[in-house]
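Trainee: You'll find run_25.txt just under this line, and it carries compact mmCIF, C-alpha atoms.
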```txt
# COMPACT_ATOMS: atom_id res chain seq x y z
CA ALA E 1 76.36 85.87 96.56
CA ALA E 2 72.99 87.49 97.28
CA SER E 3 74.48 89.60 100.07
CA ILE E 4 77.04 91.07 97.65
CA VAL E 5 74.29 92.08 95.23
CA SER E 6 72.26 93.52 98.10
CA ALA E 7 75.23 95.57 99.30
CA ALA E 8 75.78 96.91 95.78
CA GLU E 9 72.09 97.87 95.51
CA THR E 10 72.28 99.66 98.85
CA ALA E 11 75.38 101.57 97.71
CA CYS E 12 73.58 102.70 94.54
CA ASP E 13 70.50 103.77 96.51
CA ARG E 14 72.63 105.71 98.97
CA MET E 15 74.24 107.66 96.12
CA GLY E 16 70.98 108.08 94.23
CA ILE E 17 72.22 106.32 91.10
CA SER E 18 71.19 103.17 89.26
CA SER E 19 74.67 101.90 88.43
CA MET E 20 78.29 102.49 89.49
CA GLY E 21 81.46 102.47 87.44
CA LEU E 22 83.27 100.38 90.06
CA TYR E 23 81.99 98.49 93.09
CA GLN E 24 84.60 97.19 95.52
CA ILE E 25 83.73 94.30 97.81
CA GLU E 26 84.80 95.02 101.38
CA ASN E 27 85.69 92.28 103.87
CA PRO E 28 85.97 89.61 101.12
CA TRP E 29 86.79 86.96 103.73
CA TYR E 30 83.37 87.52 105.35
CA TYR E 31 81.18 85.85 102.73
CA VAL E 32 80.08 82.24 103.25
CA GLY E 33 80.94 80.02 100.31
CA GLY E 34 84.47 81.24 99.76
CA THR E 35 85.87 82.39 96.44
CA SER E 36 83.12 80.70 94.42
CA ALA E 37 80.46 82.72 96.23
CA LEU E 38 82.49 85.91 95.75
CA ALA E 39 82.80 85.26 92.02
CA GLU E 40 79.10 84.49 91.72
CA GLY E 41 78.14 87.64 93.60
CA ALA E 42 80.55 89.81 91.61
CA LEU E 43 79.20 88.45 88.33
CA ASP E 44 75.61 89.06 89.46
CA VAL E 45 76.46 92.68 90.34
CA ILE E 46 77.75 93.18 86.79
CA CYS E 47 74.93 91.24 85.10
CA ASP E 48 72.29 93.16 87.08
CA ASP E 49 73.98 96.41 85.96
CA HIS E 50 74.62 97.65 89.47
CA SER E 51 78.24 98.25 88.44
CA ARG E 52 80.28 97.88 85.27
CA TYR E 53 83.36 96.69 87.14
CA VAL E 54 83.93 94.93 90.45
CA GLY E 55 86.99 95.02 92.70
CA CYS E 56 88.04 94.01 96.21
CA VAL E 57 89.38 95.61 99.35
CA ASN E 58 92.33 94.06 101.18
CA MET E 59 92.09 90.67 99.48
CA GLY E 60 95.11 88.39 99.94
CA LEU E 61 97.10 87.34 96.90
CA THR E 62 96.18 83.63 96.85
CA ARG E 63 92.46 84.27 97.03
CA LEU E 64 92.70 87.20 94.64
CA ALA E 65 94.41 85.07 91.99
CA LYS E 66 91.78 82.36 92.42
CA LEU E 67 88.95 84.88 92.13
CA GLN E 68 90.49 86.36 88.99
CA ARG E 69 90.66 82.92 87.36
CA LYS E 70 86.98 82.29 88.12
CA MET E 71 85.97 85.71 86.81
CA ARG E 72 88.04 85.32 83.63
CA ALA E 73 86.40 81.96 82.98
CA GLN E 74 83.09 83.83 82.77
CA GLY E 75 84.37 86.59 80.52
CA GLU E 76 84.77 89.20 83.27
CA PHE E 77 87.62 90.18 85.59
CA VAL E 78 88.52 91.61 88.97
CA ALA E 79 89.16 95.27 88.18
CA SER E 80 90.89 96.42 91.36
CA ASN E 81 92.25 95.55 94.78
CA GLN E 82 92.48 98.28 97.39
CA PHE E 83 95.08 98.30 100.18
CA GLU E 84 97.43 100.60 102.09
CA PHE E 85 100.78 101.68 100.64
CA SER E 86 102.94 104.75 101.02
CA LEU E 87 106.51 105.99 100.91
CA THR E 88 106.88 105.24 104.62
CA ASN E 89 104.78 102.07 104.69
CA ARG E 90 105.82 99.79 101.85
CA LYS E 91 104.73 96.47 103.34
CA ASN E 92 102.33 95.90 100.45
CA ALA E 93 104.85 96.69 97.70
CA GLY E 94 104.71 93.08 96.53
CA MET E 95 100.94 93.28 96.19
CA ILE E 96 101.27 96.11 93.66
CA ASP E 97 103.46 93.97 91.39
CA ALA E 98 101.23 90.92 91.89
CA CYS E 99 98.09 92.88 90.98
CA LYS E 100 99.68 94.16 87.78
CA LYS E 101 100.66 90.64 86.76
CA LEU E 102 97.07 89.52 87.31
CA GLY E 103 95.70 92.40 85.26
CA ILE E 104 94.23 94.05 88.36
CA THR E 105 94.56 97.76 89.11
CA PRO E 106 96.13 98.33 92.55
CA VAL E 107 94.34 101.14 94.40
CA CYS E 108 96.29 102.45 97.39
CA THR E 109 94.87 104.20 100.43
CA ASN E 110 96.61 106.09 103.25
CA VAL E 111 99.25 107.15 100.73
CA LEU E 112 100.53 109.80 103.15
CA ASP E 113 100.68 107.33 106.04
CA GLY E 114 98.69 109.57 108.36
CA GLY E 115 101.02 112.48 107.55
CA LEU E 116 104.33 110.71 108.12
CA ALA E 117 105.06 110.32 104.39
CA THR E 118 104.67 114.06 103.75
CA GLY E 119 108.19 114.67 105.06
CA LYS E 120 106.69 117.46 107.13
CA TYR E 121 107.61 115.84 110.44
CA THR E 122 111.34 115.31 111.04
CA SER E 123 113.57 114.65 114.03
CA THR E 124 114.58 118.33 114.03
CA ASN E 125 111.00 119.51 113.44
CA PRO E 126 108.79 116.90 115.14
CA THR E 127 105.71 119.15 115.29
CA GLY E 128 105.85 119.79 111.54
CA GLY E 129 106.07 123.54 112.02
CA GLU E 130 102.79 123.64 113.91
CA VAL E 131 102.41 125.54 117.16
CA SER E 132 103.43 123.37 120.10
CA LYS E 133 100.60 122.36 122.43
CA GLY E 134 102.81 122.55 125.47
CA GLU E 135 106.23 121.95 126.97
CA ASN E 136 106.02 118.19 126.48
CA ASP E 137 104.54 118.29 122.98
CA THR E 138 106.92 116.52 120.62
CA GLY E 139 104.48 116.08 117.77
CA PRO E 140 102.48 113.05 116.60
CA TYR E 141 105.50 110.77 116.12
CA ALA E 142 108.24 109.60 118.43
CA VAL E 143 111.51 111.41 117.75
CA ARG E 144 113.31 108.06 117.64
CA LYS E 145 111.04 106.95 114.80
CA LEU E 146 111.64 110.19 112.92
CA GLU E 147 115.41 109.84 113.36
CA LYS E 148 115.29 106.49 111.54
CA LEU E 149 113.59 108.22 108.62
CA ASP E 150 115.90 111.23 108.42
CA ALA E 151 117.83 109.84 105.43
CA LEU E 152 114.60 109.24 103.52
CA PHE E 153 113.19 112.68 104.29
CA LYS E 154 116.48 114.29 103.20
CA VAL E 155 116.30 112.57 99.81
CA GLN E 156 112.61 113.42 99.50
CA ALA E 157 113.28 117.12 100.17
CA GLY E 158 116.28 117.06 97.84
CA LEU E 159 114.12 115.93 94.95
CA ILE E 160 112.08 119.15 95.04
CA GLU E 161 114.76 121.20 93.27
CA LYS E 162 115.55 118.38 90.84
CA VAL E 163 111.92 117.93 89.80
CA ASN E 164 111.29 121.68 89.56
CA ARG E 165 114.35 122.08 87.35
CA ARG E 166 113.27 119.20 85.10
CA ILE E 167 109.78 120.67 84.72
CA GLY E 168 111.28 124.08 83.93
CA ASP E 169 113.55 122.61 81.24
CA ARG E 170 110.56 120.85 79.70
CA LEU E 171 108.42 124.00 79.61
CA MET E 172 111.25 126.02 78.01
CA LYS E 173 110.86 123.89 74.87
CA PHE E 174 107.40 125.31 74.19
CA GLU E 175 106.79 128.50 72.24
CA SER E 176 105.59 131.51 74.18
CA GLY E 177 102.05 131.03 75.42
CA GLN E 178 101.94 127.39 74.34
CA ALA E 179 103.36 125.76 77.46
CA PRO E 180 100.90 123.72 79.58
CA ARG E 181 100.14 124.97 83.07
CA ILE E 182 102.11 122.66 85.33
CA ASN E 183 102.90 123.17 89.00
CA ARG E 184 106.46 124.42 89.50
CA ASP E 185 106.30 124.64 93.26
CA ILE E 186 106.68 120.95 94.08
CA THR E 187 106.26 119.84 97.71
CA THR E 188 107.39 116.74 99.58
CA THR E 189 103.72 115.77 99.92
CA GLN E 190 103.36 115.74 96.15
CA ILE E 191 106.53 113.68 95.80
CA ALA E 192 105.06 111.13 98.22
CA ILE E 193 101.81 110.91 96.23
CA ASN E 194 103.54 110.62 92.87
CA TYR E 195 105.85 107.97 94.29
CA VAL E 196 102.78 105.74 94.68
CA ARG E 197 101.80 106.52 91.08
CA ALA E 198 105.32 105.73 89.90
CA LYS E 199 105.01 102.30 91.49
CA GLY E 200 102.07 101.61 89.19
CA ALA E 201 99.25 102.13 91.68
CA VAL E 202 96.32 104.53 91.82
CA PRO E 203 96.66 106.74 94.92
CA LEU E 204 93.36 107.32 96.69
CA VAL E 205 93.86 110.59 98.56
CA SER E 206 91.44 111.98 101.12
CA VAL E 207 90.69 115.67 100.44
CA THR E 208 89.15 117.50 103.38
CA ASN E 209 90.15 121.10 102.68
CA VAL E 210 91.25 123.52 99.95
CA LYS E 211 94.92 123.18 100.85
CA MET E 212 94.85 119.41 100.32
CA ALA E 213 92.90 119.86 97.08
CA ASN E 214 95.62 122.19 95.78
CA GLU E 215 98.32 119.73 96.87
CA LEU E 216 96.60 117.04 94.85
CA LEU E 217 96.15 119.25 91.78
CA GLY E 218 99.86 120.04 91.99
CA CYS E 219 100.65 116.37 91.35
CA LEU E 220 99.24 116.57 87.82
CA GLY E 221 101.34 117.04 84.70
CA TRP E 222 104.59 115.55 85.96
CA ASP E 223 106.03 112.23 87.08
CA LEU E 224 109.03 111.07 89.05
CA SER E 225 111.76 109.68 86.81
CA GLU E 226 113.03 106.11 87.20
CA GLU E 227 116.23 107.51 88.70
CA GLU E 228 114.29 109.57 91.26
CA VAL E 229 112.14 106.58 92.24
CA GLU E 230 115.31 104.53 92.66
CA GLU E 231 116.76 107.22 94.93
CA LEU E 232 113.68 107.04 97.13
CA ASP E 233 113.72 103.23 97.11
CA LYS E 234 117.33 103.17 98.29
CA ALA E 235 116.60 105.72 101.00
CA CYS E 236 113.59 103.66 102.13
CA LYS E 237 115.70 100.52 102.45
CA ALA E 238 118.42 102.42 104.29
CA SER E 239 115.77 103.68 106.72
CA GLY E 240 114.33 100.22 107.25
CA VAL E 241 111.07 100.95 105.40
```
Take the structure in the file and give it back as structure tokens.
Mentor:
Amino acid sequence: AASIVSAAETACDRMGISSMGLYQIENPWYYVGGTSALAEGALDVICDDHSRYVGCVNMGLTRLAKLQRKMRAQGEFVASNQFEFSLTNRKNAGMIDACKKLGITPVCTNVLDGGLATGKYTSTNPTGGEVSKGENDTGPYAVRKLEKLDALFKVQAGLIEKVNRRIGDRLMKFESGQAPRINRDITTTQIAINYVRAKGAVPLVSVTNVKMANELLGCLGWDLSEEEVEELDKACKASGV
């Protein structure tokens, strides 16, 4: 428990703040004492005002449920659990639903699956439109892998026009000058990000340049419809994702 508090203190010091809004415990299996020690440490972090809320990173469902019960018994709760999930890597789809049932916010990382989920790389365009590095350069992904995802990428690209049209119809209902400023140049990257949101998770997107920042801003103000999410789900299953 003491090591959790110490780690939270170090995090605050590193950021030059006295308290965080959310502190997530990494490597939750590492701490001696099991779930009881985790709960004790998490409660101490909150009581000592190092963070208002405490979450976990990559905690398994059984242990997560047990930790939540212990936290609830003390009047607090596990706020979040962070793990990987994307349109092309849906292995943790069940964890999203489980977290919601436990009252825990699922926070998803690698939501673009290293670039694969952007739909930028396809079997007919394996380099993603980038300049080839040489005669044998076939891009970052095996063509065979991209071929399996062709059906998904086709649906993903097809949704661009549908979403743009829906946004346009919505904005037409506003009086002149009253319409909100919403992106009307939807990209497959933005569809991939908002797919994670539509599943009920918080996408944690790494922004390293202005282009990615604009991509992220373009996700605001619109959502995928249930029908559009279902289309993507079916395409994922057909592609073996």
Trainee: Using all atoms listed in the file, give me every residue within 12 Å of (79.2, 81.8, 91.1) in file coordinates, as a CSV table (one decimal) with C-alpha atoms, in the frame of the given file.
Mentor:
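Saved file result.csv follows:
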```
chain,number,residue,atom,x,y,z
E,1,ALA,CA,76.4,85.9,96.6
E,2,ALA,CA,73.0,87.5,97.3
E,4,ILE,CA,77.0,91.1,97.6
E,33,GLY,CA,80.9,80.0,100.3
E,34,GLY,CA,84.5,81.2,99.8
E,35,THR,CA,85.9,82.4,96.4
E,36,SER,CA,83.1,80.7,94.4
E,37,ALA,CA,80.5,82.7,96.2
E,38,LEU,CA,82.5,85.9,95.8
E,39,ALA,CA,82.8,85.3,92.0
E,40,GLU,CA,79.1,84.5,91.7
E,41,GLY,CA,78.1,87.6,93.6
E,42,ALA,CA,80.6,89.8,91.6
E,43,LEU,CA,79.2,88.4,88.3
E,44,ASP,CA,75.6,89.1,89.5
E,45,VAL,CA,76.5,92.7,90.3
E,47,CYS,CA,74.9,91.2,85.1
E,67,LEU,CA,89.0,84.9,92.1
E,70,LYS,CA,87.0,82.3,88.1
E,71,MET,CA,86.0,85.7,86.8
E,73,ALA,CA,86.4,82.0,83.0
E,74,GLN,CA,83.1,83.8,82.8
```
Trainee: Once you count all atoms listed in the file, which residues end up no further than 9 Å from (110.4, 106.3, 112.2) in the file's frame, shown as a list of chain:residue names?
Mentor: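 Within 9 Å of (110.4, 106.3, 112.2), the protein and nucleic acid residues are E:Thr88, E:Leu116, E:Tyr141, E:Ala142, E:Val143, E:Arg144, E:Lys145, E:Leu146, E:Glu147, E:Lys148, E:Leu149, E:Asp150, E:Ser239, E:Gly240, E:Val241.
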Trainee: Grab the atom CA of Leu204 of chain E to atom CA of Asn183 of chain E distance for me, in Å with one decimal place.
Mentor: 20.0 Å
Trainee: For Phe85 of chain E, which residue among E:Leu64, E:Ile191, E:Val196, E:Leu152 is the nearest when counting all atoms listed in the file?
Mentor: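 For Phe85 of chain E, the nearest of the given residues is E:Val196.
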Trainee: Segment 105-115 of chain E: which residues within 8 Å, counting only C-alpha atoms, same-chain residues fewer than 5 positions away excluded, as a PyMOL selection string?
Mentor: chain E and resi 79-89+95-96+99-100+120-121+189+192-193+196+200-205
Trainee: Figure out the distance between atom CA of Thr127 of chain E and atom CA of Ala235 of chain E, please, to one decimal in Å.
Mentor: 22.4 Å
Trainee: Pick from E:Asp185, E:Asp13, E:Asp233, E:Asp97: nearest to Leu61 of chain E, with only C-alpha atoms counted?
Mentor: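 The closest residue to Leu61 of chain E is E:Asp97.
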Trainee: Take every atom of segment 203-217 of chain E listed in the file, fit an axis-aligned box around them, add 3 Å per side, and give the centre and edge lengths in Å to one decimal as AutoDock Vina command-line options.
Mentor:
```
--center_x 93.7 --center_y 115.1 --center_z 97.6 --size_x 15.2 --size_y 22.8 --size_z 17.6
```
Trainee: Record the distance separating atom CA of Val163 of chain E and atom CA of Glu175 of chain E, expressed in Å with one decimal.
Mentor: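 Answer for the atom CA of Val163 of chain E to atom CA of Glu175 of chain E separation: 21.1 Å.
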Trainee: Restricting the calculation to all atoms listed in the file: of E:Thr187, E:Asn125, E:Ser19, E:Ser6, which residue gets closest to Gly158 of chain E?
Mentor: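 Comparing E:Thr187, E:Asn125, E:Ser19, E:Ser6 against Gly158 of chain E, the winner is E:Thr187.
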Trainee: At a cut-off of 8 Å, using all atoms listed in the file, what residues contact Val229 of chain E? Leave out same-chain residues fewer than 4 positions from it and give the result as number ranges by chain.
Mentor: E: 195, 198, 224-225, 233
Trainee: Got a sec: who's within 9 Å of Tyr23 of chain E, counting all atoms listed in the file, leaving out chain neighbours fewer than 6 positions off, as a PyMOL selection string?
Mentor: chain E and resi 8+11+42+45+50-56
